[in-house]
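Step one of this worksheet: look at the structure below.
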Amino acid sequence: MANAMLQQTVGGTLQLLSNSGTHCNVGNRSVRLLPKGFKLEVEFSKRGIYSSGKRKFNVIQASTSQTSVVGPLLAPSSSDTVDSHMKSNEVALILIRHGESLWNEKNLFTGCVDVPLTNKGVEEAIEGGHRISNIPVDMIYTSSLIRAQMTAMLAMTQHRRKKVPIILHNEDERARAWSKIYSEDTIEQSIPVITSWKLNERMYGELQGLNKQETADKFGHEKVHEWRRSYDIPPPNGESLEMCAQRAVAYFRDNIEPQLLSGKNILISAHGNSLRSIIMYLDKLTSQEVITLELSTGIPMLYIFKEGKFIRRGSPVAPTEAGVYAYTRRLAQYRQKLDDMLT
């Protein structure tokens with residue numbers, strides 16, 4: 001994490017000083033961000049999005065590599081009480097593995113090959129969305145792979161708040177300029193979607209594209225099982241689960257956890273191995289425990305982040321949804337507010 005000094009001027013400009021930079025606009029705010037040392041300025045329009053009159057600034061993460069800017073688009077306004085009332089005590093973290101992909105259907109090793117969902121996978125994503133439709137979501141993180149992004153987008157079409165998920169494009173200056181939103185009202189009804197290859201599936205190396213059964217017949221079931229289910233043995237020219245965990249957990253700790261600490265409710269749509277890695281961190285599992293962990297496609301898992309601790313609440317599947325909500329009064333209050341607002 002780059003060392004930096006934070007300054008706030010009287011005019012409402014926030015400066016984070018260090019040494020080099022890119023520029024990004026979100027609504028009426030301008031953001032400058034640099035990879036190693038940098039100077040960051042966030043300028044607020046007179047109208048602002050905070051009705052209290054007090055200036056509040058979002059958590060902004062900086063690392064030695066280029067990172068996404070977390071600006072006003074990433075935060076609900078203080079007038080949006082349905083989404084912001086949970087911030088003081090607890091927030092929700094939802095994990096969902098993508099729905100069935102075309103290569104899942106064909107029983108092929110997929111890894112980091114970018115293939116879309118099947119019709120069944122689309123249905124799984126939509127059903128997963130029904131199951132989280134009463135849980136607040138302020139930000140979405142996905143891998144760079146289309147099957148995870150499709151799952152997140154389809155799931156959010158079912159959310160009762162009807163906010164629109166929008167993928168942030170920070171690849172270069174033109175991408176940022178061309179995807180700029182000029183309406184404050186539209187920004188407030190949007191959910192930012194941040195993508196990262198660090199949440200990608202484990203890279204299966206020379207197994208990618210091979211049929212799983214044919215590969216087991218060729219190399220032996222024991223060897224293929226070792227490649228697929230051991231913690232620290234990678235397939236030929238691929239990643240082990242341990243290697244996948246190093247990047248996925250580091251990304252979670254550096255980018256997602258600070259947003260949870262700042263009061264954001266987060267949805268992560270990713271893959272079997274990247275999510276197993278994150279669950280290993282959340283639940284403090286051993287390397288032997290994590291290799292037995294199985295995640296179903298399209299089934300969301302709910303965690304509550306409270307007082308610096310992650311508490312697993314299971315999956316909000318319809319028959320047991322009441323039980324999930326019973327664990328936390330604030331989620332029940334959020335659902336009640338949705339009921340009041342939409343009836």
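Residues are referred to by chain and number: the chain letter is A, B, ... according to the order shown in the structure tokens, the number counts from 1 in that chain, and ligands are numbered separately from 1 in the order shown.
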Practice prompt. Please provide as a ChimeraX atom specification all residues within 9 Å of Gly238 in chain A, with the sequence filter that same-chain residues fewer than 2 positions apart are discarded (counting only C-alpha atoms).
Written response: /A:202-207,234-236,240
Saved selection, atoms kept: N, CA, C and O atoms, as a PDB file, in the first residue's frame:
ATOM      1  N   ARG A 202      -9.172 -20.611 -11.068  1.00  0.00           N
ATOM      2  CA  ARG A 202      -7.817 -21.152 -11.104  1.00  0.00           C
ATOM      3  C   ARG A 202      -7.430 -21.458 -12.546  1.00  0.00           C
ATOM      4  O   ARG A 202      -8.222 -22.029 -13.298  1.00  0.00           O
ATOM      5  N   MET A 203      -6.214 -21.093 -12.937  1.00  0.00           N
ATOM      6  CA  MET A 203      -5.748 -21.351 -14.291  1.00  0.00           C
ATOM      7  C   MET A 203      -5.293 -22.808 -14.378  1.00  0.00           C
ATOM      8  O   MET A 203      -4.381 -23.220 -13.677  1.00  0.00           O
ATOM      9  N   TYR A 204      -5.965 -23.580 -15.219  1.00  0.00           N
ATOM     10  CA  TYR A 204      -5.726 -25.022 -15.281  1.00  0.00           C
ATOM     11  C   TYR A 204      -4.619 -25.422 -16.258  1.00  0.00           C
ATOM     12  O   TYR A 204      -4.422 -26.618 -16.514  1.00  0.00           O
ATOM     13  N   GLY A 205      -3.886 -24.445 -16.794  1.00  0.00           N
ATOM     14  CA  GLY A 205      -2.735 -24.766 -17.617  1.00  0.00           C
ATOM     15  C   GLY A 205      -3.076 -25.632 -18.816  1.00  0.00           C
ATOM     16  O   GLY A 205      -4.022 -25.363 -19.565  1.00  0.00           O
ATOM     17  N   GLU A 206      -2.304 -26.714 -18.987  1.00  0.00           N
ATOM     18  CA  GLU A 206      -2.454 -27.569 -20.164  1.00  0.00           C
ATOM     19  C   GLU A 206      -3.698 -28.456 -20.125  1.00  0.00           C
ATOM     20  O   GLU A 206      -3.961 -29.197 -21.076  1.00  0.00           O
ATOM     21  N   LEU A 207      -4.479 -28.352 -19.039  1.00  0.00           N
ATOM     22  CA  LEU A 207      -5.742 -29.099 -18.976  1.00  0.00           C
ATOM     23  C   LEU A 207      -6.891 -28.324 -19.608  1.00  0.00           C
ATOM     24  O   LEU A 207      -7.933 -28.911 -19.933  1.00  0.00           O
ATOM     25  N   PRO A 234      -0.070 -28.071  -8.639  1.00  0.00           N
ATOM     26  CA  PRO A 234      -0.739 -27.517  -9.816  1.00  0.00           C
ATOM     27  C   PRO A 234      -0.771 -28.518 -10.967  1.00  0.00           C
ATOM     28  O   PRO A 234       0.070 -29.416 -11.047  1.00  0.00           O
ATOM     29  N   PRO A 235      -1.722 -28.375 -11.879  1.00  0.00           N
ATOM     30  CA  PRO A 235      -1.677 -29.146 -13.122  1.00  0.00           C
ATOM     31  C   PRO A 235      -0.529 -28.622 -13.987  1.00  0.00           C
ATOM     32  O   PRO A 235       0.038 -27.563 -13.678  1.00  0.00           O
ATOM     33  N   PRO A 236      -0.148 -29.323 -15.037  1.00  0.00           N
ATOM     34  CA  PRO A 236       0.977 -28.879 -15.864  1.00  0.00           C
ATOM     35  C   PRO A 236       0.818 -27.436 -16.342  1.00  0.00           C
ATOM     36  O   PRO A 236      -0.186 -27.092 -16.979  1.00  0.00           O
ATOM     37  N   SER A 240      -2.042 -24.038  -8.726  1.00  0.00           N
ATOM     38  CA  SER A 240      -2.621 -24.821  -7.632  1.00  0.00           C
ATOM     39  C   SER A 240      -3.664 -23.961  -6.930  1.00  0.00           C
ATOM     40  O   SER A 240      -3.735 -22.743  -7.157  1.00  0.00           O
TER      41      SER A 240
END
Worksheet entry | 8 Å contact set for Arg276 in chain A, only C-alpha atoms, chain neighbours under 5 positions out, as a list of chain:residue names | A:Val290, A:Leu293, A:Leu295
Generate a file of the selected residues that holds N, CA, C and O atoms, formatted as a short mmCIF file (atom, residue, chain, number, x, y, z; two decimals), in the first residue's frame.
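Result file out-v1.cif:
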data_model
loop_
_atom_site.label_atom_id
_atom_site.label_comp_id
_atom_site.auth_asym_id
_atom_site.auth_seq_id
_atom_site.Cartn_x
_atom_site.Cartn_y
_atom_site.Cartn_z
N VAL A 290 -10.27 -26.88 3.21
CA VAL A 290 -10.75 -26.16 2.03
C VAL A 290 -10.84 -27.06 0.81
O VAL A 290 -11.69 -26.85 -0.07
N LEU A 293 -14.25 -28.52 0.33
CA LEU A 293 -15.36 -27.58 0.23
C LEU A 293 -15.93 -27.58 -1.19
O LEU A 293 -15.21 -27.39 -2.17
N LEU A 295 -18.90 -25.94 -3.78
CA LEU A 295 -19.82 -24.82 -3.97
C LEU A 295 -20.71 -25.11 -5.17
O LEU A 295 -20.22 -25.40 -6.26
#
Worksheet item: Got a sec: who's within 8 Å of Ile132 in chain A, counting only C-alpha atoms, leaving out chain neighbours fewer than 2 positions off, as a PyMOL selection string?
Response: chain A and resi 128-130+134-135+159+300+316
Practice prompt. List the neighbours of range 166-178 of chain A out to 6 Å using only C-alpha atoms; skip same-chain residues closer than 6 positions along the sequence, and give me the result as a VMD selection string.
Written response: chain A and resid 192 to 194
Those same residues, written as a compact mmCIF listing (two decimals), in the first residue's frame with all heavy atoms?
# COMPACT_ATOMS: atom_id res chain seq x y z
N PRO A 192 -22.15 0.11 -8.78
CA PRO A 192 -20.90 -0.08 -9.51
C PRO A 192 -20.47 -1.54 -9.52
O PRO A 192 -20.58 -2.24 -8.51
CB PRO A 192 -19.91 0.78 -8.73
CG PRO A 192 -20.46 0.81 -7.35
CD PRO A 192 -21.95 0.80 -7.50
N VAL A 193 -20.00 -2.00 -10.65
CA VAL A 193 -19.48 -3.35 -10.81
C VAL A 193 -17.99 -3.24 -11.15
O VAL A 193 -17.63 -2.67 -12.18
CB VAL A 193 -20.22 -4.12 -11.92
CG1 VAL A 193 -19.68 -5.55 -12.03
CG2 VAL A 193 -21.73 -4.13 -11.65
N ILE A 194 -17.16 -3.78 -10.28
CA ILE A 194 -15.71 -3.71 -10.46
C ILE A 194 -15.20 -5.10 -10.82
O ILE A 194 -15.49 -6.08 -10.12
CB ILE A 194 -15.02 -3.20 -9.18
CG1 ILE A 194 -15.53 -1.79 -8.85
CG2 ILE A 194 -13.51 -3.22 -9.33
CD1 ILE A 194 -15.07 -1.25 -7.53
Discussion item. So, with only C-alpha atoms as the atoms that count, which of A:Ser144, A:Gln288, A:Thr157, A:Asn237 lies closest to Trp197 in chain A?
Written reply: A:Ser144
